[in-house]
Structure formats: C-alpha cells, structure tokens
Amino acid sequence: MNWLLALPILLPLLVACVTTMLLRRRSAQRVVSLVGMVGQLAAAIALLVTVYQQGIVAVQAGGYAAPFGITLVADLLAAIMVLLAAMKGTAVVIYSGASIDREREAFGYHPLLHILMMGVCGAFLTGDIFNLYVFFEVLLMSSFVLLTLGGERGQVEGAIKYVTLNLLSSAIFLAGAGLLYGVTGTLNMADLAVKLPAADQPALATILSMMFLVAFGIKAAIFPLFFWLPASYHTPPAAVSAIFAGLLTKVGVYAIIRVFTLIFVHDIGFTHNLILALSALTMVTGVLGAAVQNEFRRILSFHIVSQIGYMIMGLGMMATLAQSDSEATRAAVGLGLGATVFYIAHHIVVKTNLFLISGVVERLQGTGRLQALGGFYRAWPGLSLLFLVPAMSLAGLPPLSGFWAKFALVKAGLQMEQYAIVAVALVVGLLTLFSMTKIWAAVFWSPAPPQSPMDADSAEYRRAQQGVGMMLAPIVALACVTIALGLAIGPIFEVAMQAGEQLMTPQLYIDAVSPQSAESHQGAE
Amino acid sequence: MEVVLAVVIGSLYGAGLYLLMRRSLIKLVIGLALLSQAANLLIFTAAGLRSSQAPLIPKGAAAPLGEVADPLPQALILTAIVIGFGVIAFTLALFHTAYMRLGIDDVDQMQATDT
C-alpha cells in the first residue's frame, strides 16, 4: 500500500485530534498546528514528485480490488491541488498566529482548520463518487463552524445563506450519486467511466450530468448559483476568508473537471458547450458585481466568482472535440485543460494573498470600506508593493503568473476558433484591472481620511501594529511564489500541460485504478 | 412498489422545496431535512427493489445461493442518514443562534450581508 496517498488525509486528522486535546494551551496548539501543516506540505511535495515520475498512482484500501474497495487515486491534477492546499494551509496557520483572537482558538479554530484540510485533500484524492460526497460533507461541516465561530451578527447571517445553499447542493449530489448507482451498479469513478457508456442510456446520463453540474456548480459558485459566496465570504476573520476563498470553491471546480473529463463525456457537444456558456456568464457577472462594490473583501469575493469562469472555460472548450476530432484540435484541447490547471494554481496563490492583505489593512484601519481607507502608500510602502504583485497578477499583467494563465487559455481558445469566449475573457481581464486599480487608488494611493487611526498614532494603532510582521511573512512568501510562477513558467507549465494531457486521456486514469479492466479492455480490442 | 415510492419521493421533494421557499427559518430547516430524506429514499429505490435474501454466504458455499439483496445502497443510506443527522443538528443550532442574535426569523429581512 502506498502510504503517500493516504498521508494527506490521515495527517490532518491526527493533528486535529492532538490540537483538540491541547485546546487550553494556546502556544502548544499553535506549534502542533504549524508543524502539522508543514508536514502536510512535505507529504504533498513527495506525492507530486511521485506522481510526476511514475504517472497516475492508485491504492486500494484494505487490498480489495478496484470497484469493490475504497480507492484513492492521485493524478497530476489531484497532486497539484493537494500541494496548493497544503501551501496555503501553512500560510494561513502562520497568519492566524497573529490575527485570530484567543476565544476562537480556545473554541477549536486549529482542529477545524485541519479537519477542513482533511476534507479538501480527501476530495482531491478519492476515486469514488460516494467518498467524494462524504469528504464534501467533512469539509462543509468544518467550514460551517469556521464561518460562524465567533458568532458575530454578520457571520451568523452570512452563514445561514452559505449553509442552506450548500446543503441543497449536497442533497442534489447525493441523489445524483444514488441514481448513478442505479444506472451502472458502481460508484468507483474509473469503473463509472467504463460502465456508463456501456449502460447505453444517453438521456439518463445527460440528466445525471446536469444534476452533478448543479450540485458542484453551487459549490464552485458558477453563474447563476453563486449568490451565497459574496453574501458570506466577507463576514468571518480574514484568515478564514482567505482559506475559503482559495480552497472551497476550487474543490467544486476540481469536482466539475473530474466528472466532466472522466465520466460525463458522452455528449460533449451539449454538456461542454453549456459549461462554456456558463463560464462566460460567470466571468461577466462576477467582474461587474465587483465593479459596484465598495468594500475591500466584497470586491475580492466577486472576483472569485469571475475567476471561476476562467477555470471552467478551459473545460468548456472541450466542446470543440464534438465538431472535429483531429490531431490539432486534440492538442488545442489539451492546451486548454493544461491552462485550466495552471490557472487554478495561480488563482489559489494570488487570491489567498489578496485576502491576507485585506486582513492586514482592516486590522490597521479598523474597517474594510474603501471610503474610510487611505494613506497606506505613505505609511506602509512595502505592504503597498506587496499588494501590487497579486493584484496585477490577478488582472493578468506580464510577467506575473496571471498573464501566462490567461495567455495559455486565450491561445487555446484561438486555436479552437472559439472567438466569442476569448473576447469575453480579454474584456473581463481589463475590467479586473479596473477593479484592482480602484482598490489601489482608494486604499493605498489616496491620502488618509481625516481621523484615520494611522495619523493619530493612538495606543490602539500601536497595538494593532504588533504582530503585523507575523502576518506579513506569509504574504511575502506567497508574493514570491506568484513571481516565481511567472518567471519559471517553462518547467511549471510543462507539468500543467502533462496534467491536461492526463485529463484528456481518461484511459490512463482507468488503467491506473483497475489493471484488470485494462486487460479486458485490451482483450476486447 | 416503485410507483408508490416514486410518488412518496416526489411529494417529499415537493414539500421540501416548498418549505425552502418560505420565509421562516424553522420551515427552512424542516425543508432541508425533508430533502435529505427524499434523497435517501431515492437511492433505495433507484438501486432496485426486489424481495430477496440477506446477502450471506452459507457454510461451505463460495457464493450466496439464490437472489440476494444488494447491501451497498443500504450502506450508502446509512452513511447519508448519519451525515444528515449531524448536519441538521448543526443547522438547528445555527438557526437558533441566528434568531437569538438577530431577533428575526424572517429570511427576507436578512439582507445586511447581501450585495
């Protein structure tokens, strides 16, 4: 049994147990939490290296063969996602050391964070659709509690919307999984990929694909199912916002990519064109929603929605395969999927960083409203420059990571002659730049408003300054990652392209999970 | 039997969705509970209903004799019921906190965090 696959799930569970026992001992809890996250990071790196060298790795828990046992699979996409999750988990734990208050830590902030990490990594690594549901529930439950921990008015109200819509999505997901079992008699994803076409029920398969699209679409916050996101993400502390913004919607995106490249590929012309249209609408509504907002974190929340559009755009462009299955189209689709993988990686790093910066700004000036902010460039020039890195990367300025992500998507789109979506993507990029300059102008460039706590040099301001150094450390680190992603684009993009290639060829995934079915497959040929 | 269950499941979904669209928090949580129960029944029905033996292998045999029930959907439902129980318990606690904190149970009036 390959323990590397189980480690990213078991380690957070262990750390959560230990930190629960240390609830009353604040510093010990923090140390264990940080050590756990760093361990997770090391495990994730080891996993990615293994998958990169050996191809897709699968393990059957308990030694039962594929469709019967519980399967864990890591392809490049899953391994990259686990690595990103661990990376931002580490960043957030360091950041929380200075920004999370004593009460929240005493009521289980750290254990919840690790349970969330377990759910997220489990969802990335599982090879079974029902286990995906279970891990979704694990991460949802811990995210519910993280969102409401503290019980402030806004938090409770935002949580009601978040909880209700996510439970609705879980109910749809569960029903879809049940029906899928009724049609095929299996829940193993690799087995489903073989048996769903064999069941020869195209109408039912399309209905099921739509159920999954709605269920995962709510979690990924695509148009028109995103309303819970901007209503809830700005309410908890910045550290929690950051981990939600970078991770939770991306689990939904991952699930969409997984099922729509592996299982539901029977009617690409319909399903993937629909995804393509949704991606355009998601980009536009998200960025326009951000344009009218006047609060730091609300603007960022709407940009999450807009960016989700880019991520599923690469998937939607698979629809071109329905028209022509030539070598050139396949190459372009592979490029599109690789670009999607890279886009997700870039987005998680950048978005987390922006939320972390918003937390520092709110701590120093006590508010997130743009009108009441200002003067940061004079008081904190370093922080201002740190904001520019992820902000410009999000907008897609060269040579930062966002430019390459958009460039690859646009290039793939042009090769596939999907001009409409390319136009939308470019215009939305410009509007993103507008939003970021709006924040820059209001928060950093404009003079400080009268009675700003920064001018008064009050005791309160001095207290707020303590610990900012610890909050800045992960911000600097993530900014460096953004720059590194942009400068070392060659080798990193090659990994992303390989991940796209694996997504293009579901047979690789199927063979890795069940060697027997691979043999029978070859025998049939 | 499938027809009866189909009607029951349909009514559960209908009632659940209707309650979700009401304005009261209590009705909202009942609606969520109904939806998860409907999904459980749906799994049970979709996996196939037949009268058959428990899936036990008699002594000396290598496989179960005759037609046996499929244990997997029942295991799924059991898992889903446990998860649903936990989730509903949390939701009730959250809604109670919300009512105490905000003083309203009308979902339409909760617009402070909306955009």
# chains A, B, ... in the order shown; residues from 1 in each chain; ligands from 1
$ residues_around --residues "A:Leu14" --least-positions-apart "5" --cutoff "9 Å" --atoms "only C-alpha atoms" --output "list of chain:residue names"
A:Thr19, A:Gly36, A:His114
$ residues_around --residues "B:Gly66" --least-positions-apart "4" --cutoff "12 Å" --atoms "only C-alpha atoms" --output "PyMOL selection string"
chain B and resi 51-58+61
$ residues_around --residues "A:Val93" --least-positions-apart "6" --cutoff "10 Å" --atoms "only C-alpha atoms" --output "NGL selection string"
:A and (30-31 or 33-38 or 99-100 or 110 or 113-114 or 239 or 243 or 471 or 474)
$ interface_residues --of "chain A" --to "chain B" --cutoff "6 Å" --atoms "only C-alpha atoms" --output "PDB file with C-alpha atoms, in the first residue's frame"
ATOM      1  CA  VAL A 156     -24.481  34.279  11.547  1.00  0.00           C
ATOM      2  CA  ALA A 171     -28.822  16.790  -1.374  1.00  0.00           C
ATOM      3  CA  ALA A 175     -29.492  11.972  -5.217  1.00  0.00           C
ATOM      4  CA  GLY A 178     -27.769   7.259  -5.949  1.00  0.00           C
ATOM      5  CA  LEU A 179     -29.238   7.418  -9.438  1.00  0.00           C
ATOM      6  CA  GLY A 182     -28.992   2.656 -10.060  1.00  0.00           C
ATOM      7  CA  ALA A 231     -23.034  37.171   0.861  1.00  0.00           C
TER       8      ALA A 231
END
$ residues_around --residues "A:Phe403" --least-positions-apart "3" --cutoff "10 Å" --atoms "only C-alpha atoms" --output "PDB file with N, CA and C atoms, in the first residue's frame"
ATOM      1  N   TYR A 343      -4.177  27.792 -14.284  1.00  0.00           N
ATOM      2  CA  TYR A 343      -4.982  28.918 -13.813  1.00  0.00           C
ATOM      3  C   TYR A 343      -5.409  28.702 -12.369  1.00  0.00           C
ATOM      4  N   HIS A 346      -2.415  29.259 -10.070  1.00  0.00           N
ATOM      5  CA  HIS A 346      -2.134  30.692  -9.958  1.00  0.00           C
ATOM      6  C   HIS A 346      -3.178  31.385  -9.103  1.00  0.00           C
ATOM      7  N   MET A 392      -1.852  42.751  -9.688  1.00  0.00           N
ATOM      8  CA  MET A 392      -1.526  42.817 -11.106  1.00  0.00           C
ATOM      9  C   MET A 392      -1.515  41.422 -11.721  1.00  0.00           C
ATOM     10  N   SER A 393      -1.158  40.429 -10.896  1.00  0.00           N
ATOM     11  CA  SER A 393      -1.178  39.059 -11.401  1.00  0.00           C
ATOM     12  C   SER A 393      -2.617  38.633 -11.685  1.00  0.00           C
ATOM     13  N   LEU A 394      -3.533  39.005 -10.786  1.00  0.00           N
ATOM     14  CA  LEU A 394      -4.947  38.670 -10.984  1.00  0.00           C
ATOM     15  C   LEU A 394      -5.467  39.302 -12.264  1.00  0.00           C
ATOM     16  N   ALA A 395      -5.058  40.539 -12.508  1.00  0.00           N
ATOM     17  CA  ALA A 395      -5.527  41.225 -13.706  1.00  0.00           C
ATOM     18  C   ALA A 395      -4.843  40.689 -14.961  1.00  0.00           C
ATOM     19  N   GLY A 396      -3.721  39.990 -14.785  1.00  0.00           N
ATOM     20  CA  GLY A 396      -3.076  39.368 -15.934  1.00  0.00           C
ATOM     21  C   GLY A 396      -2.019  40.213 -16.602  1.00  0.00           C
ATOM     22  N   LEU A 397      -1.207  40.920 -15.814  1.00  0.00           N
ATOM     23  CA  LEU A 397      -0.129  41.710 -16.411  1.00  0.00           C
ATOM     24  C   LEU A 397       1.152  40.884 -16.464  1.00  0.00           C
ATOM     25  N   PRO A 398       1.883  40.929 -17.566  1.00  0.00           N
ATOM     26  CA  PRO A 398       3.151  40.204 -17.628  1.00  0.00           C
ATOM     27  C   PRO A 398       4.165  40.882 -16.710  1.00  0.00           C
ATOM     28  N   PRO A 399       5.137  40.171 -16.198  1.00  0.00           N
ATOM     29  CA  PRO A 399       5.411  38.743 -16.397  1.00  0.00           C
ATOM     30  C   PRO A 399       4.846  37.887 -15.281  1.00  0.00           C
ATOM     31  N   LEU A 400       3.796  38.324 -14.604  1.00  0.00           N
ATOM     32  CA  LEU A 400       3.310  37.578 -13.442  1.00  0.00           C
ATOM     33  C   LEU A 400       2.484  36.377 -13.892  1.00  0.00           C
ATOM     34  N   LYS A 406      -3.744  33.391 -18.424  1.00  0.00           N
ATOM     35  CA  LYS A 406      -4.706  33.909 -19.401  1.00  0.00           C
ATOM     36  C   LYS A 406      -4.183  33.701 -20.825  1.00  0.00           C
ATOM     37  N   PHE A 407      -2.871  33.919 -20.995  1.00  0.00           N
ATOM     38  CA  PHE A 407      -2.274  33.771 -22.318  1.00  0.00           C
ATOM     39  C   PHE A 407      -2.523  32.367 -22.862  1.00  0.00           C
ATOM     40  N   ALA A 408      -2.287  31.343 -22.020  1.00  0.00           N
ATOM     41  CA  ALA A 408      -2.460  29.970 -22.486  1.00  0.00           C
ATOM     42  C   ALA A 408      -3.917  29.682 -22.804  1.00  0.00           C
ATOM     43  N   LEU A 409      -4.820  30.178 -21.949  1.00  0.00           N
ATOM     44  CA  LEU A 409      -6.251  29.949 -22.209  1.00  0.00           C
ATOM     45  C   LEU A 409      -6.658  30.593 -23.534  1.00  0.00           C
ATOM     46  N   GLY A 429     -10.694  40.550 -18.316  1.00  0.00           N
ATOM     47  CA  GLY A 429      -9.358  40.834 -17.793  1.00  0.00           C
ATOM     48  C   GLY A 429      -9.154  42.324 -17.592  1.00  0.00           C
ATOM     49  N   GLY A 486       5.573  33.104 -12.351  1.00  0.00           N
ATOM     50  CA  GLY A 486       5.629  33.863 -13.592  1.00  0.00           C
ATOM     51  C   GLY A 486       6.980  33.748 -14.269  1.00  0.00           C
TER      52      GLY A 486
END
$ select_by_dssp --residues "chain B" --states "helix (DSSP H, G or I)" --output "ChimeraX atom specification"
/B:2-20,25-46,71-102,107-109
$ atom_distance --atom1 "atom CA of A:Ala123" --atom2 "atom CA of A:Ala255"
8.1 Å
$ residues_around --residues "A:Glu494" --least-positions-apart "4" --cutoff "12 Å" --atoms "only C-alpha atoms" --output "PDB file with C-alpha atoms, in the first residue's frame"
ATOM      1  CA  TYR A  52       5.268  13.223 -11.816  1.00  0.00           C
ATOM      2  CA  LEU A  76      -1.182  15.231 -11.594  1.00  0.00           C
ATOM      3  CA  GLY A 334      -5.035  19.554 -24.129  1.00  0.00           C
ATOM      4  CA  LEU A 335      -3.521  23.036 -24.016  1.00  0.00           C
ATOM      5  CA  GLY A 338      -3.402  22.382 -19.025  1.00  0.00           C
ATOM      6  CA  ALA A 339      -4.059  26.109 -18.916  1.00  0.00           C
ATOM      7  CA  VAL A 341      -4.787  23.530 -14.210  1.00  0.00           C
ATOM      8  CA  PHE A 342      -2.245  26.330 -14.241  1.00  0.00           C
ATOM      9  CA  ALA A 408      -2.460  29.970 -22.486  1.00  0.00           C
ATOM     10  CA  ALA A 488       9.878  29.996 -14.082  1.00  0.00           C
ATOM     11  CA  ILE A 489       6.925  29.490 -16.355  1.00  0.00           C
ATOM     12  CA  GLY A 490       8.611  26.960 -18.636  1.00  0.00           C
ATOM     13  CA  GLN A 498       1.035  16.948 -18.569  1.00  0.00           C
ATOM     14  CA  ALA A 499      -1.851  17.251 -16.125  1.00  0.00           C
ATOM     15  CA  GLY A 500      -4.026  18.440 -19.009  1.00  0.00           C
ATOM     16  CA  GLU A 501      -2.854  15.523 -21.099  1.00  0.00           C
TER      17      GLU A 501
END
$ atom_distance --atom1 "atom CA of A:Val163" --atom2 "atom CA of A:Trp228"
8.8 Å
$ closest_residue --among "A:Ile268, A:Met470, A:Ile160, A:Val422" --to "B:Asp106" --atoms "only C-alpha atoms"
A:Ile160
$ closest_residue --among "B:Leu92, B:Ala69, B:Ala63, B:Ile104" --to "B:Arg50" --atoms "only C-alpha atoms"
B:Ala69
$ residues_around --residues "A:Met283" --least-positions-apart "2" --cutoff "12 Å" --atoms "only C-alpha atoms" --output "PDB file with N, CA and C atoms, in the first residue's frame"
ATOM      1  N   ALA A 221     -19.575  27.969  -7.165  1.00  0.00           N
ATOM      2  CA  ALA A 221     -20.077  29.336  -7.356  1.00  0.00           C
ATOM      3  C   ALA A 221     -20.010  29.772  -8.807  1.00  0.00           C
ATOM      4  N   ILE A 222     -20.586  28.965  -9.717  1.00  0.00           N
ATOM      5  CA  ILE A 222     -20.684  29.429 -11.093  1.00  0.00           C
ATOM      6  C   ILE A 222     -22.043  30.100 -11.300  1.00  0.00           C
ATOM      7  N   PHE A 223     -22.152  30.888 -12.349  1.00  0.00           N
ATOM      8  CA  PHE A 223     -23.407  31.548 -12.682  1.00  0.00           C
ATOM      9  C   PHE A 223     -24.441  30.482 -13.002  1.00  0.00           C
ATOM     10  N   PRO A 224     -25.661  30.557 -12.586  1.00  0.00           N
ATOM     11  CA  PRO A 224     -26.291  31.547 -11.704  1.00  0.00           C
ATOM     12  C   PRO A 224     -26.427  31.050 -10.275  1.00  0.00           C
ATOM     13  N   PHE A 226     -24.155  31.457  -7.672  1.00  0.00           N
ATOM     14  CA  PHE A 226     -23.047  31.942  -6.839  1.00  0.00           C
ATOM     15  C   PHE A 226     -23.471  32.853  -5.691  1.00  0.00           C
ATOM     16  N   LEU A 276     -19.339  26.053 -21.307  1.00  0.00           N
ATOM     17  CA  LEU A 276     -18.655  27.189 -21.920  1.00  0.00           C
ATOM     18  C   LEU A 276     -19.496  28.461 -21.785  1.00  0.00           C
ATOM     19  N   ALA A 277     -20.804  28.332 -22.083  1.00  0.00           N
ATOM     20  CA  ALA A 277     -21.682  29.497 -21.962  1.00  0.00           C
ATOM     21  C   ALA A 277     -21.726  29.968 -20.513  1.00  0.00           C
ATOM     22  N   LEU A 278     -21.834  29.008 -19.581  1.00  0.00           N
ATOM     23  CA  LEU A 278     -21.870  29.374 -18.165  1.00  0.00           C
ATOM     24  C   LEU A 278     -20.585  30.074 -17.754  1.00  0.00           C
ATOM     25  N   SER A 279     -19.453  29.619 -18.301  1.00  0.00           N
ATOM     26  CA  SER A 279     -18.192  30.235 -17.908  1.00  0.00           C
ATOM     27  C   SER A 279     -18.163  31.700 -18.339  1.00  0.00           C
ATOM     28  N   ALA A 280     -18.667  31.978 -19.535  1.00  0.00           N
ATOM     29  CA  ALA A 280     -18.696  33.378 -19.985  1.00  0.00           C
ATOM     30  C   ALA A 280     -19.572  34.211 -19.061  1.00  0.00           C
ATOM     31  N   LEU A 281     -20.776  33.684 -18.739  1.00  0.00           N
ATOM     32  CA  LEU A 281     -21.679  34.444 -17.875  1.00  0.00           C
ATOM     33  C   LEU A 281     -21.086  34.621 -16.482  1.00  0.00           C
ATOM     34  N   THR A 285     -20.644  38.345 -14.928  1.00  0.00           N
ATOM     35  CA  THR A 285     -21.400  38.771 -13.749  1.00  0.00           C
ATOM     36  C   THR A 285     -20.464  39.008 -12.566  1.00  0.00           C
ATOM     37  N   GLY A 286     -19.460  38.154 -12.416  1.00  0.00           N
ATOM     38  CA  GLY A 286     -18.558  38.330 -11.287  1.00  0.00           C
ATOM     39  C   GLY A 286     -17.850  39.662 -11.351  1.00  0.00           C
ATOM     40  N   VAL A 287     -17.320  39.990 -12.514  1.00  0.00           N
ATOM     41  CA  VAL A 287     -16.499  41.197 -12.594  1.00  0.00           C
ATOM     42  C   VAL A 287     -17.376  42.448 -12.518  1.00  0.00           C
ATOM     43  N   LEU A 288     -18.592  42.366 -13.070  1.00  0.00           N
ATOM     44  CA  LEU A 288     -19.481  43.523 -12.958  1.00  0.00           C
ATOM     45  C   LEU A 288     -19.968  43.697 -11.528  1.00  0.00           C
ATOM     46  N   GLY A 289     -20.237  42.559 -10.856  1.00  0.00           N
ATOM     47  CA  GLY A 289     -20.617  42.648  -9.451  1.00  0.00           C
ATOM     48  C   GLY A 289     -19.527  43.317  -8.639  1.00  0.00           C
ATOM     49  N   ALA A 290     -18.268  42.986  -8.949  1.00  0.00           N
ATOM     50  CA  ALA A 290     -17.162  43.585  -8.210  1.00  0.00           C
ATOM     51  C   ALA A 290     -17.083  45.078  -8.484  1.00  0.00           C
ATOM     52  N   PHE A 302     -16.356  38.931  -5.174  1.00  0.00           N
ATOM     53  CA  PHE A 302     -16.927  38.874  -6.524  1.00  0.00           C
ATOM     54  C   PHE A 302     -15.880  38.453  -7.541  1.00  0.00           C
ATOM     55  N   HIS A 303     -14.624  38.830  -7.289  1.00  0.00           N
ATOM     56  CA  HIS A 303     -13.596  38.408  -8.231  1.00  0.00           C
ATOM     57  C   HIS A 303     -13.371  36.907  -8.191  1.00  0.00           C
ATOM     58  N   ILE A 304     -13.630  36.264  -7.034  1.00  0.00           N
ATOM     59  CA  ILE A 304     -13.538  34.804  -7.021  1.00  0.00           C
ATOM     60  C   ILE A 304     -14.501  34.260  -8.063  1.00  0.00           C
ATOM     61  N   VAL A 305     -15.747  34.750  -8.029  1.00  0.00           N
ATOM     62  CA  VAL A 305     -16.755  34.263  -8.964  1.00  0.00           C
ATOM     63  C   VAL A 305     -16.265  34.442 -10.397  1.00  0.00           C
ATOM     64  N   SER A 306     -15.764  35.645 -10.674  1.00  0.00           N
ATOM     65  CA  SER A 306     -15.315  35.932 -12.028  1.00  0.00           C
ATOM     66  C   SER A 306     -14.203  34.980 -12.460  1.00  0.00           C
ATOM     67  N   GLN A 307     -13.272  34.694 -11.529  1.00  0.00           N
ATOM     68  CA  GLN A 307     -12.147  33.832 -11.887  1.00  0.00           C
ATOM     69  C   GLN A 307     -12.572  32.376 -12.089  1.00  0.00           C
ATOM     70  N   ILE A 308     -13.628  31.966 -11.374  1.00  0.00           N
ATOM     71  CA  ILE A 308     -14.130  30.604 -11.567  1.00  0.00           C
ATOM     72  C   ILE A 308     -14.514  30.425 -13.043  1.00  0.00           C
ATOM     73  N   GLY A 309     -15.035  31.496 -13.637  1.00  0.00           N
ATOM     74  CA  GLY A 309     -15.399  31.439 -15.045  1.00  0.00           C
ATOM     75  C   GLY A 309     -14.210  31.043 -15.914  1.00  0.00           C
ATOM     76  N   TYR A 310     -13.057  31.657 -15.642  1.00  0.00           N
ATOM     77  CA  TYR A 310     -11.860  31.309 -16.427  1.00  0.00           C
ATOM     78  C   TYR A 310     -11.512  29.835 -16.264  1.00  0.00           C
ATOM     79  N   MET A 311     -11.685  29.343 -15.002  1.00  0.00           N
ATOM     80  CA  MET A 311     -11.258  27.967 -14.760  1.00  0.00           C
ATOM     81  C   MET A 311     -12.097  26.973 -15.522  1.00  0.00           C
ATOM     82  N   ILE A 312     -13.419  27.216 -15.593  1.00  0.00           N
ATOM     83  CA  ILE A 312     -14.214  26.215 -16.311  1.00  0.00           C
ATOM     84  C   ILE A 312     -14.244  26.519 -17.807  1.00  0.00           C
ATOM     85  N   MET A 313     -13.692  27.669 -18.205  1.00  0.00           N
ATOM     86  CA  MET A 313     -13.627  27.975 -19.639  1.00  0.00           C
ATOM     87  C   MET A 313     -12.793  26.929 -20.380  1.00  0.00           C
ATOM     88  N   ILE A 421     -15.670  33.406 -26.718  1.00  0.00           N
ATOM     89  CA  ILE A 421     -15.250  33.266 -25.322  1.00  0.00           C
ATOM     90  C   ILE A 421     -13.906  33.964 -25.100  1.00  0.00           C
ATOM     91  N   VAL A 422     -13.064  33.951 -26.118  1.00  0.00           N
ATOM     92  CA  VAL A 422     -11.774  34.629 -25.988  1.00  0.00           C
ATOM     93  C   VAL A 422     -11.988  36.128 -25.803  1.00  0.00           C
ATOM     94  N   ALA A 423     -12.939  36.684 -26.579  1.00  0.00           N
ATOM     95  CA  ALA A 423     -13.235  38.108 -26.443  1.00  0.00           C
ATOM     96  C   ALA A 423     -13.727  38.419 -25.040  1.00  0.00           C
ATOM     97  N   VAL A 424     -14.634  37.576 -24.544  1.00  0.00           N
ATOM     98  CA  VAL A 424     -15.151  37.796 -23.189  1.00  0.00           C
ATOM     99  C   VAL A 424     -14.013  37.754 -22.183  1.00  0.00           C
ATOM    100  N   ALA A 425     -13.139  36.741 -22.315  1.00  0.00           N
ATOM    101  CA  ALA A 425     -12.043  36.592 -21.354  1.00  0.00           C
ATOM    102  C   ALA A 425     -11.154  37.826 -21.347  1.00  0.00           C
ATOM    103  N   LEU A 426     -10.885  38.388 -22.538  1.00  0.00           N
ATOM    104  CA  LEU A 426      -9.995  39.549 -22.597  1.00  0.00           C
ATOM    105  C   LEU A 426     -10.644  40.785 -21.986  1.00  0.00           C
ATOM    106  N   VAL A 427     -11.936  40.987 -22.289  1.00  0.00           N
ATOM    107  CA  VAL A 427     -12.627  42.154 -21.737  1.00  0.00           C
ATOM    108  C   VAL A 427     -12.717  42.060 -20.224  1.00  0.00           C
ATOM    109  N   VAL A 428     -13.037  40.845 -19.737  1.00  0.00           N
ATOM    110  CA  VAL A 428     -13.133  40.668 -18.283  1.00  0.00           C
ATOM    111  C   VAL A 428     -11.777  40.922 -17.633  1.00  0.00           C
ATOM    112  N   GLY A 429     -10.694  40.550 -18.316  1.00  0.00           N
ATOM    113  CA  GLY A 429      -9.358  40.834 -17.793  1.00  0.00           C
ATOM    114  C   GLY A 429      -9.154  42.324 -17.592  1.00  0.00           C
ATOM    115  N   LEU A 430      -9.603  43.108 -18.566  1.00  0.00           N
ATOM    116  CA  LEU A 430      -9.480  44.567 -18.449  1.00  0.00           C
ATOM    117  C   LEU A 430     -10.283  45.095 -17.266  1.00  0.00           C
ATOM    118  N   LEU A 431     -11.525  44.569 -17.131  1.00  0.00           N
ATOM    119  CA  LEU A 431     -12.369  45.035 -16.030  1.00  0.00           C
ATOM    120  C   LEU A 431     -11.766  44.649 -14.676  1.00  0.00           C
ATOM    121  N   THR A 432     -11.082  43.493 -14.655  1.00  0.00           N
ATOM    122  CA  THR A 432     -10.409  43.098 -13.417  1.00  0.00           C
ATOM    123  C   THR A 432      -9.335  44.115 -13.061  1.00  0.00           C
TER     124      THR A 432
END
$ residues_around --residues "stretch 6-11 of chain A" --least-positions-apart "3" --cutoff "9 Å" --atoms "only C-alpha atoms" --output "list in words"
Asn2, Trp3, Leu14, Val15, Ala16, Gly36, Met37, Gly39, Gln40, Leu41, Ala43, Ala44, Leu47, Val59, Leu72, Val82, Ala86, His114, Met117, Met118, Gly119, Val120, Cys121, Gly122 and Leu125 of chain A
$ select_by_dssp --residues "stretch 10-110 of chain B" --states "strand (DSSP E or B)" --output "list in words"
Ser24, Gln53, Val68 and Asp106 of chain B
$ decode --residues "stretch 35-48 of chain B" --atoms "N, CA and C atoms" --output "PDB file, in the first residue's frame"
ATOM      1  N   LEU B  35     -35.624  17.171   2.280  1.00  0.00           N
ATOM      2  CA  LEU B  35     -34.844  16.936   1.058  1.00  0.00           C
ATOM      3  C   LEU B  35     -33.848  15.808   1.244  1.00  0.00           C
ATOM      4  N   SER B  36     -33.183  15.783   2.408  1.00  0.00           N
ATOM      5  CA  SER B  36     -32.167  14.732   2.572  1.00  0.00           C
ATOM      6  C   SER B  36     -32.852  13.374   2.722  1.00  0.00           C
ATOM      7  N   GLN B  37     -34.013  13.342   3.354  1.00  0.00           N
ATOM      8  CA  GLN B  37     -34.728  12.063   3.445  1.00  0.00           C
ATOM      9  C   GLN B  37     -35.188  11.599   2.071  1.00  0.00           C
ATOM     10  N   ALA B  38     -35.648  12.555   1.258  1.00  0.00           N
ATOM     11  CA  ALA B  38     -36.095  12.194  -0.092  1.00  0.00           C
ATOM     12  C   ALA B  38     -34.936  11.591  -0.876  1.00  0.00           C
ATOM     13  N   ALA B  39     -33.744  12.195  -0.716  1.00  0.00           N
ATOM     14  CA  ALA B  39     -32.582  11.662  -1.436  1.00  0.00           C
ATOM     15  C   ALA B  39     -32.279  10.242  -0.973  1.00  0.00           C
ATOM     16  N   ASN B  40     -32.400   9.980   0.327  1.00  0.00           N
ATOM     17  CA  ASN B  40     -32.140   8.629   0.828  1.00  0.00           C
ATOM     18  C   ASN B  40     -33.102   7.617   0.221  1.00  0.00           C
ATOM     19  N   LEU B  41     -34.394   7.974   0.209  1.00  0.00           N
ATOM     20  CA  LEU B  41     -35.376   7.058  -0.371  1.00  0.00           C
ATOM     21  C   LEU B  41     -35.108   6.846  -1.855  1.00  0.00           C
ATOM     22  N   LEU B  42     -34.651   7.917  -2.507  1.00  0.00           N
ATOM     23  CA  LEU B  42     -34.363   7.822  -3.939  1.00  0.00           C
ATOM     24  C   LEU B  42     -33.256   6.806  -4.200  1.00  0.00           C
ATOM     25  N   ILE B  43     -32.203   6.849  -3.386  1.00  0.00           N
ATOM     26  CA  ILE B  43     -31.117   5.863  -3.544  1.00  0.00           C
ATOM     27  C   ILE B  43     -31.674   4.461  -3.369  1.00  0.00           C
ATOM     28  N   PHE B  44     -32.486   4.294  -2.331  1.00  0.00           N
ATOM     29  CA  PHE B  44     -33.060   2.995  -2.009  1.00  0.00           C
ATOM     30  C   PHE B  44     -33.854   2.457  -3.198  1.00  0.00           C
ATOM     31  N   THR B  45     -34.645   3.326  -3.807  1.00  0.00           N
ATOM     32  CA  THR B  45     -35.495   2.890  -4.915  1.00  0.00           C
ATOM     33  C   THR B  45     -34.691   2.689  -6.194  1.00  0.00           C
ATOM     34  N   ALA B  46     -33.805   3.642  -6.469  1.00  0.00           N
ATOM     35  CA  ALA B  46     -33.080   3.577  -7.741  1.00  0.00           C
ATOM     36  C   ALA B  46     -32.186   2.353  -7.816  1.00  0.00           C
ATOM     37  N   ALA B  47     -31.717   1.869  -6.652  1.00  0.00           N
ATOM     38  CA  ALA B  47     -30.818   0.718  -6.675  1.00  0.00           C
ATOM     39  C   ALA B  47     -31.557  -0.578  -6.960  1.00  0.00           C
ATOM     40  N   GLY B  48     -32.881  -0.522  -7.005  1.00  0.00           N
ATOM     41  CA  GLY B  48     -33.643  -1.720  -7.371  1.00  0.00           C
ATOM     42  C   GLY B  48     -34.311  -2.352  -6.178  1.00  0.00           C
TER      43      GLY B  48
END
